[in-house]
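Some notes on the structure that comes next.
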Amino acid sequence: MAPITVGDTIPDGTLAYFDEDDVLQQVSVHSLAADKKVVLFGVPGAFTPTCSMKHVPGFIEKSEELKSKGVEDLLLISVNDPFVMKAWKKSYPDTKNVKFLADGSATYTHALGLELDLSENGLGVRSRRFTLLVDNLKVVVANIESGGEFTVSGADEILAAL
């Protein structure tokens with residue numbers, strides 16, 4: 001499947017997260033992004049070095065600036081189970097406006113055409129690192145990395161596009 005690109009409508013799908021009351025929730029991606037401007041960003045895995053020390057912290061640190069430019073929600077997706085995503089979220093002192101969403105079987109990642117096979121490294125199928133700026137379900141900016149790179153999908157690149 002070809003990767004999602006500018007002008008495409010994001011596919012709907014179901015992701016999981018723990019709410020403020022620590023209750024596991026299932027949520028439709030369209031319910032999170034319809035009639036809004038959102039940033040949807042994906043990482044290869046929770047607790048991995050680049051994801052944990054650069055990619056996610058960048059969005060946490062720039063979340064207020066992104067909000068001031070009209071972004072309503074920051075949606076982080078990783079091919080991990082919701083328990084891992086909950087623990088990862090708790091590892092940050094403040095996650096501000098970032099919602100940590102689990103795509104446990106990579107179903108949504110596959111629908112985006114952004115899967116990355118890291119089986120030879122013992123990690124199985126994961127997500128490519130990416131950032132999508134989405135306005136009312138339409139992709140406005142698609143910053144998709146090659147392999148394990150981190151050069152175009154950070155918060156600064158989305159801010160520049162805004």
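In the structure tokens, each chain is lettered A, B, ... as it comes, each chain's residues begin at 1, and ligands are numbered from 1 in order of appearance.
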
Q: Pull the strand (DSSP E or B) assignments for chain A out of DSSP run on the backbone, and list those residues as JSON, numbers by chain.
A: {"A": [9, 14, 15, 16, 17, 18, 24, 25, 26, 27, 28, 37, 38, 39, 40, 41, 42, 43, 73, 74, 75, 76, 77, 78, 98, 99, 100, 101, 102, 115, 116, 117, 125, 126, 127, 130, 131, 132, 133, 134, 135, 138, 139, 140, 141, 142, 143, 144]}

Please produce a file of those selected residues containing N, CA and C atoms, as a compact mmCIF listing (two decimals), in the first residue's frame.
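This is the output file part_31.txt:
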# COMPACT_ATOMS: atom_id res chain seq x y z
N THR A 9 -7.48 11.77 2.51
CA THR A 9 -8.27 11.74 3.74
C THR A 9 -7.68 10.65 4.61
N THR A 14 -9.48 2.28 14.85
CA THR A 14 -9.67 2.30 16.29
C THR A 14 -8.33 2.16 16.99
N LEU A 15 -8.09 3.07 17.93
CA LEU A 15 -6.88 3.06 18.74
C LEU A 15 -7.30 3.00 20.20
N ALA A 16 -6.35 2.70 21.08
CA ALA A 16 -6.67 2.54 22.50
C ALA A 16 -5.81 3.47 23.36
N TYR A 17 -6.36 3.85 24.50
CA TYR A 17 -5.62 4.67 25.47
C TYR A 17 -6.31 4.55 26.83
N PHE A 18 -5.58 4.95 27.85
CA PHE A 18 -6.16 5.02 29.19
C PHE A 18 -6.55 6.46 29.47
N LEU A 24 -9.45 1.91 30.37
CA LEU A 24 -9.06 1.66 28.98
C LEU A 24 -10.20 2.08 28.05
N GLN A 25 -9.86 2.89 27.06
CA GLN A 25 -10.83 3.39 26.09
C GLN A 25 -10.42 2.99 24.68
N GLN A 26 -11.41 2.76 23.84
CA GLN A 26 -11.21 2.56 22.41
C GLN A 26 -11.75 3.82 21.74
N VAL A 27 -11.02 4.34 20.77
CA VAL A 27 -11.45 5.59 20.15
C VAL A 27 -11.24 5.54 18.65
N SER A 28 -12.17 6.12 17.94
CA SER A 28 -12.09 6.24 16.48
C SER A 28 -11.18 7.42 16.13
N LYS A 37 -8.15 20.82 13.39
CA LYS A 37 -6.78 20.75 12.89
C LYS A 37 -5.99 20.01 13.95
N VAL A 38 -5.40 18.88 13.58
CA VAL A 38 -4.64 18.05 14.52
C VAL A 38 -3.29 17.67 13.91
N VAL A 39 -2.37 17.34 14.79
CA VAL A 39 -1.11 16.75 14.36
C VAL A 39 -1.15 15.30 14.79
N LEU A 40 -0.97 14.42 13.84
CA LEU A 40 -0.92 12.98 14.06
C LEU A 40 0.53 12.58 13.84
N PHE A 41 1.19 12.08 14.89
CA PHE A 41 2.58 11.70 14.68
C PHE A 41 2.82 10.30 15.20
N GLY A 42 3.66 9.58 14.47
CA GLY A 42 3.92 8.18 14.77
C GLY A 42 5.40 7.94 14.99
N VAL A 43 5.66 6.99 15.86
CA VAL A 43 7.04 6.63 16.20
C VAL A 43 7.19 5.11 16.17
N ASP A 73 -5.27 19.32 18.69
CA ASP A 73 -4.83 18.12 19.40
C ASP A 73 -3.55 17.57 18.79
N LEU A 74 -2.74 16.96 19.66
CA LEU A 74 -1.52 16.28 19.26
C LEU A 74 -1.72 14.80 19.56
N LEU A 75 -1.75 13.99 18.52
CA LEU A 75 -2.09 12.58 18.63
C LEU A 75 -0.87 11.72 18.31
N LEU A 76 -0.31 11.11 19.32
CA LEU A 76 0.86 10.24 19.17
C LEU A 76 0.40 8.80 19.00
N ILE A 77 0.88 8.15 17.95
CA ILE A 77 0.54 6.75 17.69
C ILE A 77 1.81 5.92 17.69
N SER A 78 1.75 4.79 18.38
CA SER A 78 2.87 3.84 18.35
C SER A 78 2.31 2.42 18.33
N VAL A 98 -0.44 16.21 24.52
CA VAL A 98 -0.18 15.03 23.70
C VAL A 98 -0.99 13.84 24.21
N LYS A 99 -1.77 13.25 23.32
CA LYS A 99 -2.54 12.05 23.65
C LYS A 99 -1.77 10.84 23.16
N PHE A 100 -1.46 9.90 24.05
CA PHE A 100 -0.69 8.70 23.72
C PHE A 100 -1.65 7.58 23.32
N LEU A 101 -1.62 7.18 22.05
CA LEU A 101 -2.57 6.22 21.50
C LEU A 101 -1.87 4.95 21.04
N ALA A 102 -2.43 3.82 21.40
CA ALA A 102 -1.84 2.52 21.08
C ALA A 102 -2.48 1.93 19.82
N GLU A 115 3.89 1.29 7.71
CA GLU A 115 4.53 0.26 8.52
C GLU A 115 6.00 0.12 8.17
N LEU A 116 6.77 -0.31 9.15
CA LEU A 116 8.21 -0.51 9.02
C LEU A 116 8.54 -1.85 9.64
N ASP A 117 9.08 -2.77 8.84
CA ASP A 117 9.39 -4.10 9.34
C ASP A 117 10.77 -4.11 10.00
N VAL A 125 6.82 -5.69 13.27
CA VAL A 125 6.31 -4.60 12.43
C VAL A 125 6.01 -3.41 13.32
N ARG A 126 6.55 -2.28 12.95
CA ARG A 126 6.38 -1.03 13.69
C ARG A 126 5.91 0.05 12.73
N SER A 127 5.90 1.27 13.21
CA SER A 127 5.55 2.41 12.38
C SER A 127 6.80 3.14 11.93
N PHE A 130 6.79 9.54 11.53
CA PHE A 130 6.09 10.46 10.65
C PHE A 130 5.35 11.52 11.45
N THR A 131 5.01 12.59 10.75
CA THR A 131 4.12 13.61 11.30
C THR A 131 3.20 14.06 10.18
N LEU A 132 1.90 14.05 10.48
CA LEU A 132 0.89 14.52 9.54
C LEU A 132 0.17 15.71 10.16
N LEU A 133 0.06 16.78 9.42
CA LEU A 133 -0.82 17.88 9.81
C LEU A 133 -2.13 17.63 9.08
N VAL A 134 -3.20 17.49 9.85
CA VAL A 134 -4.49 17.08 9.31
C VAL A 134 -5.52 18.16 9.64
N ASP A 135 -6.24 18.61 8.62
CA ASP A 135 -7.30 19.60 8.82
C ASP A 135 -8.61 18.98 8.36
N LYS A 138 -8.30 15.81 6.30
CA LYS A 138 -7.47 15.90 5.09
C LYS A 138 -6.02 16.17 5.48
N VAL A 139 -5.10 15.45 4.86
CA VAL A 139 -3.67 15.65 5.12
C VAL A 139 -3.20 16.91 4.40
N VAL A 140 -2.68 17.86 5.19
CA VAL A 140 -2.18 19.13 4.66
C VAL A 140 -0.66 19.07 4.51
N VAL A 141 0.00 18.42 5.48
CA VAL A 141 1.45 18.23 5.45
C VAL A 141 1.72 16.77 5.81
N ALA A 142 2.61 16.12 5.07
CA ALA A 142 3.01 14.73 5.36
C ALA A 142 4.53 14.67 5.42
N ASN A 143 5.07 14.63 6.62
CA ASN A 143 6.51 14.53 6.82
C ASN A 143 6.82 13.11 7.28
N ILE A 144 7.32 12.31 6.34
CA ILE A 144 7.53 10.88 6.58
C ILE A 144 9.01 10.56 6.45

Q.
So the first atom is atom CA of A:Gly104 and the second is atom CA of A:Val79; what is the distance between them in Å, to one decimal place?
A. 5.1 Å

Q. In Å, with one decimal, what is the gap from atom CA of A:Glu64 to atom CA of A:Tyr108?
A.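 Separation of atom CA of A:Glu64 and atom CA of A:Tyr108: 27.1 Å.
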
Q. How would you write, as a VMD selection string, the set of residues in stretch 21-145 of chain A that DSSP gives as alpha helix (DSSP H)?
A. chain A and resid 29 to 33 49 to 50 56 to 61 63 to 68 82 to 90 107 to 112

So that each row is one residue of stretch 89-159 of chain A with an atom at most 12 Å from stretch 55-58 of chain A, can you give its shortest atom pair and the distance in Å to one decimal, using only C-alpha atoms, rows by chain and rising number, as CSV?
residue,atom,partner,partner_atom,distance
A:Lys89,CA,A:Val56,CA,9.9
A:Ser91,CA,A:Pro57,CA,11.1
A:Tyr92,CA,A:Pro57,CA,8.4
A:Pro93,CA,A:Pro57,CA,10.6
A:Asp94,CA,A:Pro57,CA,9.8
A:Thr95,CA,A:Pro57,CA,8.4
A:Lys96,CA,A:Pro57,CA,10.4
A:Asn97,CA,A:Val56,CA,11.4
A:Val98,CA,A:Val56,CA,8.6
A:Lys99,CA,A:Val56,CA,10.7
A:Phe100,CA,A:Val56,CA,9.9
A:Arg129,CA,A:His55,CA,8.9
A:Phe130,CA,A:His55,CA,9.8
A:Thr131,CA,A:His55,CA,10.0
A:Glu145,CA,A:His55,CA,12.0
A:Gly148,CA,A:His55,CA,11.8
A:Glu149,CA,A:His55,CA,10.9
A:Phe150,CA,A:His55,CA,7.8
A:Thr151,CA,A:His55,CA,10.1
A:Val152,CA,A:His55,CA,10.5
A:Ser153,CA,A:His55,CA,7.9
A:Gly154,CA,A:His55,CA,5.9
A:Ala155,CA,A:Gly58,CA,5.7
A:Asp156,CA,A:Gly58,CA,7.8
A:Glu157,CA,A:Gly58,CA,10.6
A:Ile158,CA,A:Gly58,CA,10.9
A:Leu159,CA,A:Gly58,CA,11.1

Selection export as a short mmCIF file (atom, residue, chain, number, x, y, z; two decimals), in the first residue's frame, atoms kept: N, CA and C atoms:
data_model
loop_
_atom_site.label_atom_id
_atom_site.label_comp_id
_atom_site.auth_asym_id
_atom_site.auth_seq_id
_atom_site.Cartn_x
_atom_site.Cartn_y
_atom_site.Cartn_z
N LYS A 89 3.69 7.37 28.83
CA LYS A 89 3.15 8.70 29.14
C LYS A 89 3.54 9.13 30.55
N SER A 91 6.11 8.41 32.12
CA SER A 91 7.55 8.65 32.25
C SER A 91 7.92 10.12 32.01
N TYR A 92 6.96 10.91 31.50
CA TYR A 92 7.19 12.34 31.28
C TYR A 92 6.53 13.12 32.41
N PRO A 93 7.20 14.15 32.94
CA PRO A 93 6.61 14.93 34.04
C PRO A 93 5.31 15.62 33.63
N ASP A 94 5.23 16.05 32.37
CA ASP A 94 4.03 16.72 31.89
C ASP A 94 3.91 16.42 30.40
N THR A 95 2.81 15.82 30.00
CA THR A 95 2.63 15.52 28.57
C THR A 95 1.77 16.59 27.89
N LYS A 96 1.38 17.59 28.63
CA LYS A 96 0.62 18.73 28.12
C LYS A 96 -0.54 18.26 27.25
N ASN A 97 -0.46 18.57 25.97
CA ASN A 97 -1.58 18.30 25.06
C ASN A 97 -1.40 17.07 24.20
N VAL A 98 -0.44 16.21 24.52
CA VAL A 98 -0.18 15.03 23.70
C VAL A 98 -0.99 13.84 24.21
N LYS A 99 -1.77 13.25 23.32
CA LYS A 99 -2.54 12.05 23.65
C LYS A 99 -1.77 10.84 23.16
N PHE A 100 -1.46 9.90 24.05
CA PHE A 100 -0.69 8.70 23.72
C PHE A 100 -1.65 7.58 23.32
N ARG A 129 8.64 6.61 11.36
CA ARG A 129 8.50 7.88 12.07
C ARG A 129 7.86 8.87 11.10
N PHE A 130 6.79 9.54 11.53
CA PHE A 130 6.09 10.46 10.65
C PHE A 130 5.35 11.52 11.45
N THR A 131 5.01 12.59 10.75
CA THR A 131 4.12 13.61 11.30
C THR A 131 3.20 14.06 10.18
N GLU A 145 9.55 9.94 7.47
CA GLU A 145 10.98 9.61 7.51
C GLU A 145 11.27 8.32 6.75
N GLY A 148 15.09 4.71 10.05
CA GLY A 148 15.06 5.21 11.42
C GLY A 148 15.46 6.66 11.56
N GLU A 149 15.47 7.39 10.46
CA GLU A 149 15.90 8.78 10.50
C GLU A 149 14.96 9.66 11.32
N PHE A 150 15.49 10.82 11.73
CA PHE A 150 14.69 11.84 12.42
C PHE A 150 15.16 13.20 11.90
N THR A 151 14.68 13.54 10.69
CA THR A 151 15.13 14.77 10.05
C THR A 151 13.99 15.69 9.63
N VAL A 152 12.78 15.14 9.38
CA VAL A 152 11.69 15.97 8.85
C VAL A 152 10.40 15.89 9.66
N SER A 153 10.35 15.04 10.69
CA SER A 153 9.06 14.79 11.36
C SER A 153 8.93 15.41 12.74
N GLY A 154 9.80 16.32 13.10
CA GLY A 154 9.74 16.95 14.41
C GLY A 154 8.74 18.08 14.50
N ALA A 155 8.54 18.56 15.70
CA ALA A 155 7.60 19.66 15.95
C ALA A 155 8.02 20.93 15.22
N ASP A 156 9.31 21.19 15.13
CA ASP A 156 9.77 22.41 14.46
C ASP A 156 9.37 22.43 12.99
N GLU A 157 9.41 21.28 12.33
CA GLU A 157 9.03 21.22 10.92
C GLU A 157 7.55 21.48 10.72
N ILE A 158 6.72 21.01 11.64
CA ILE A 158 5.27 21.30 11.54
C ILE A 158 5.02 22.77 11.85
N LEU A 159 5.71 23.33 12.83
CA LEU A 159 5.56 24.75 13.13
C LEU A 159 5.93 25.60 11.91
#

Q: Just the residues within 10 Å of A:Phe47, please, counting only C-alpha atoms, with nothing from its chain fewer than 6 positions along; format it as a PyMOL selection string.
A: chain A and resi 53+84-85+87-89+91

Q: Write out as a ChimeraX atom specification the residues lying within 12 Å of A:Asn136, counting only C-alpha atoms and excluding same-chain residues fewer than 6 positions away.
A: /A:7-10,29-39,71-73

**Q.** Nearest candidate to A:Val23 (options A:Glu61, A:Phe83, A:Lys54, A:Thr107; using only C-alpha atoms)
**A.**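 Nearest candidate to A:Val23 out of A:Glu61, A:Phe83, A:Lys54, A:Thr107: A:Phe83.
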
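Rounded to one decimal, atom CA of A:Asn121 and atom CA of A:Asp103 lie 19.6 Å from each other.
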